[in-house]
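Undergrad: The structure is given below, and queries will be raised subsequently.
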Amino acid sequence: MHYLASKHTGTICILGMPFDSTATYRPGARFGPMAIREASHSLETFSPMQEADLEDIDFMDMGDLELPFGNPEPALAIIEHSVSKIVSQGRIPFPLGGEHLISLGCLRAITKEYQGLKIIHLDAHADLRDMYLGQKLSHATVIRRISEIIGLESIRQIGIRSFAREERPLANEILAEPEKIIDWASSSPCYISCDLDILDPSIFPGTGTPEPGGISFQQLIETLFEILRNLRVVGMDVVELAPQLDPSGVSSVVAAKVVRECLIALSPS
Ligand code: MN
Ligand code: MN
């Protein structure tokens, strides 16, 4: 499978965002997008789970953004501008991180385009801190910053198993069982933000902040299928693969397979 070889016009647009400036524990997510492309070569284009082939899906890979490191605001501005262009053409952006903060730039763009947007956040971590290490802009504060744009009531979280004490009351308001999310979001445009550390570190060790006690690949895929098949998804990101932290390379293949399945499931049938 080679994403760059897609011959289609691109209803769904993959856009790499190699950025990890605010990673606090172990950096390396900047190498995520290229590792996903590389690992995609080891996978078939056909999905037995969906009886469908990626070759029939109308998507394109726009390559990677060139993002400055250090102060995150200039990088977020580039991300917002690029995602705005994609959504204004009626396409579905599919950003590949990079660390989770990239989702803030994406949602600054998408909330402008879609009224009544709802956000479904899959992660091991709540990412609801107000500040982290003195910083307002961090992978650990990204959902809090997004909630300031769209309101906490427009966000639901799945899979969270790590909270700071200050996050717990906020997270209690928005933690949800996957089954309830379909009803909650049924009439709204939805954005999915998938932090791959929701997976158990035994199958996905290649990430900056591994958190034991996570879900299996199969559980993640089934949850995503439920969401992507039943809701009107207008954008989706997959973040926090740090490939060099897993010398076996398996984490990159896991990420590439999640992306393959989501591209197929997202595609209007
Ligand atoms: Mn996260
Ligand atoms: Mn996380």
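Residue numbers start at 1 in each chain; chains themselves are named A, B, ... in the order of the structure tokens; ligands are numbered from 1 in the order shown.
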Would you mind listing what lies within 10 Å of region 243-248 of chain A as a PyMOL selection string, with only C-alpha atoms counted and same-chain residues fewer than 2 positions away left out?
TA: chain A and resi 26-36+204-208+240-241+250-253+255
Undergrad: Could the residues of chain A that have an atom at most 10 Å from ligand 2 be listed as JSON lines, each with its closest atom pair and the distance in Å to one decimal, counting only C-alpha atoms and all ligand atoms and ordered by chain and ascending residue number?
TA:
{"residue": "A:Glu99", "atom": "CA", "partner": "ligand 2", "partner_atom_place_in_ligand_line": "1 (Mn)", "distance": 9.1}
{"residue": "A:His100", "atom": "CA", "partner": "ligand 2", "partner_atom_place_in_ligand_line": "1 (Mn)", "distance": 7.7}
{"residue": "A:Leu122", "atom": "CA", "partner": "ligand 2", "partner_atom_place_in_ligand_line": "1 (Mn)", "distance": 8.4}
{"residue": "A:Asp123", "atom": "CA", "partner": "ligand 2", "partner_atom_place_in_ligand_line": "1 (Mn)", "distance": 4.9}
{"residue": "A:Ala124", "atom": "CA", "partner": "ligand 2", "partner_atom_place_in_ligand_line": "1 (Mn)", "distance": 4.8}
{"residue": "A:His125", "atom": "CA", "partner": "ligand 2", "partner_atom_place_in_ligand_line": "1 (Mn)", "distance": 4.4}
{"residue": "A:Ala126", "atom": "CA", "partner": "ligand 2", "partner_atom_place_in_ligand_line": "1 (Mn)", "distance": 7.4}
{"residue": "A:Asp127", "atom": "CA", "partner": "ligand 2", "partner_atom_place_in_ligand_line": "1 (Mn)", "distance": 7.3}
{"residue": "A:His139", "atom": "CA", "partner": "ligand 2", "partner_atom_place_in_ligand_line": "1 (Mn)", "distance": 8.1}
{"residue": "A:Ala140", "atom": "CA", "partner": "ligand 2", "partner_atom_place_in_ligand_line": "1 (Mn)", "distance": 7.9}
{"residue": "A:Gly159", "atom": "CA", "partner": "ligand 2", "partner_atom_place_in_ligand_line": "1 (Mn)", "distance": 9.8}
{"residue": "A:Ile160", "atom": "CA", "partner": "ligand 2", "partner_atom_place_in_ligand_line": "1 (Mn)", "distance": 8.3}
{"residue": "A:Arg161", "atom": "CA", "partner": "ligand 2", "partner_atom_place_in_ligand_line": "1 (Mn)", "distance": 9.5}
{"residue": "A:Ser162", "atom": "CA", "partner": "ligand 2", "partner_atom_place_in_ligand_line": "1 (Mn)", "distance": 8.6}
{"residue": "A:Cys194", "atom": "CA", "partner": "ligand 2", "partner_atom_place_in_ligand_line": "1 (Mn)", "distance": 9.0}
{"residue": "A:Asp195", "atom": "CA", "partner": "ligand 2", "partner_atom_place_in_ligand_line": "1 (Mn)", "distance": 5.5}
{"residue": "A:Leu196", "atom": "CA", "partner": "ligand 2", "partner_atom_place_in_ligand_line": "1 (Mn)", "distance": 7.1}
{"residue": "A:Asp197", "atom": "CA", "partner": "ligand 2", "partner_atom_place_in_ligand_line": "1 (Mn)", "distance": 5.0}
{"residue": "A:Ile198", "atom": "CA", "partner": "ligand 2", "partner_atom_place_in_ligand_line": "1 (Mn)", "distance": 6.5}
{"residue": "A:Leu199", "atom": "CA", "partner": "ligand 2", "partner_atom_place_in_ligand_line": "1 (Mn)", "distance": 9.5}
{"residue": "A:Thr207", "atom": "CA", "partner": "ligand 2", "partner_atom_place_in_ligand_line": "1 (Mn)", "distance": 8.6}
{"residue": "A:Gly208", "atom": "CA", "partner": "ligand 2", "partner_atom_place_in_ligand_line": "1 (Mn)", "distance": 8.2}
{"residue": "A:Thr209", "atom": "CA", "partner": "ligand 2", "partner_atom_place_in_ligand_line": "1 (Mn)", "distance": 6.4}
{"residue": "A:Pro210", "atom": "CA", "partner": "ligand 2", "partner_atom_place_in_ligand_line": "1 (Mn)", "distance": 7.5}
{"residue": "A:Glu211", "atom": "CA", "partner": "ligand 2", "partner_atom_place_in_ligand_line": "1 (Mn)", "distance": 7.9}
{"residue": "A:Val239", "atom": "CA", "partner": "ligand 2", "partner_atom_place_in_ligand_line": "1 (Mn)", "distance": 8.8}
{"residue": "A:Glu240", "atom": "CA", "partner": "ligand 2", "partner_atom_place_in_ligand_line": "1 (Mn)", "distance": 7.3}
Undergrad: Taking 5 positions as the minimum chain separation for residues in the same chain, which residues sit within 6 Å of Arg156 (chain A) when counting only C-alpha atoms? Answer as a VMD selection string.
TA: chain A and resid 120 174 to 175
Undergrad: Tell me, in Å to one decimal, how far CA of Cys190 (chain A) is from CA of Val234 (chain A).
TA: 5.8 Å
Undergrad: Which is closest to ligand 1 among A:Arg144, A:Lys112, A:Arg91, A:Lys180, if we use only C-alpha atoms and all ligand atoms?
TA: A:Arg144
Undergrad: Apply DSSP to the structure's backbone, then extract all residues of region 26-253 of chain A labelled strand (DSSP E or B) and return them as a count of residues only.
TA: 47
Undergrad: So which residues touch Glu173 (chain A) within 10 Å, counting only C-alpha atoms, skipping near sequence neighbours fewer than 6 positions away, as a PyMOL selection string?
TA: chain A and resi 152-153+155-157
Undergrad: As a PyMOL selection string, please: the residues near Leu117 (chain A) (cut-off 10 Å, only C-alpha atoms, same-chain neighbours under 5 positions excluded).
TA: chain A and resi 107+110-112+150+154-155+185+187-191+233-234
Undergrad: Residues of region 112-197 of chain A that have any atom at most 12 Å from an atom of region 51-72 of chain A: could you tabulate them with the shortest-distance atom pair and the distance in Å to one decimal, using only C-alpha atoms, ordered by chain and increasing number, as a Markdown table?
TA:
| residue | atom | partner | partner_atom | distance |
| --- | --- | --- | --- | --- |
| A:Gln135 | CA | A:Asn71 | CA | 10.4 |
| A:Lys136 | CA | A:Pro72 | CA | 10.3 |
| A:Leu137 | CA | A:Pro72 | CA | 7.1 |
| A:Ser138 | CA | A:Pro72 | CA | 8.5 |
| A:His139 | CA | A:Pro72 | CA | 10.7 |
| A:Val142 | CA | A:Pro72 | CA | 11.9 |
Undergrad: When distances are computed from only C-alpha atoms and all ligand atoms, which of A:Trp184, A:Phe94, A:Phe217, A:Phe163 shows the smallest separation from ligand 1?
TA: A:Phe163
Undergrad: Of the residues A:Arg260, A:His121, A:Arg229, A:Arg168, which is the one nearest to ligand 1, using only C-alpha atoms and all ligand atoms?
TA: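 Distance minimum relative to ligand 1 lands on A:His121.
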Undergrad: Work out how far apart CA of Arg145 (chain A) and CA of Arg108 (chain A) are and give it in Å to one decimal.
TA: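 Value for the CA of Arg145 (chain A)-CA of Arg108 (chain A) distance: 10.0 Å.
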Undergrad: Please provide the set of residues having any atom within 6 Å of Asp200 (chain A), restricted to only C-alpha atoms, with same-chain residues fewer than 6 positions apart removed, written as a PyMOL selection string.
TA: chain A and resi 212-215
Undergrad: Using only C-alpha atoms and all ligand atoms for the distances, tell me which of A:Ser267, A:Ser202, A:Gln115, A:Ser103 is nearest to ligand 1.
TA: A:Ser103
Undergrad: Based on the backbone DSSP call, show me all residues of region 26-267 of chain A assigned helix (DSSP H, G or I), as a PyMOL selection string.
TA: chain A and resi 29-40+54-56+72-88+102-113+142-150+152-154+165-174+178-185+196-198+217-230+243-245+250-266
Undergrad: Have a look at A:Thr141, A:Ser147, A:Ser82, A:Asn172 and name the one nearest to ligand 1; count only C-alpha atoms and all ligand atoms.
TA: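 That would be A:Thr141, the residue with the smallest distance to ligand 1.
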Undergrad: Measuring between only C-alpha atoms and all ligand atoms, which one of A:Asp237, A:Glu113, A:Glu261, A:Glu38 shows the shortest distance to ligand 1?
TA: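 Comparing A:Asp237, A:Glu113, A:Glu261, A:Glu38 against ligand 1, the winner is A:Asp237.
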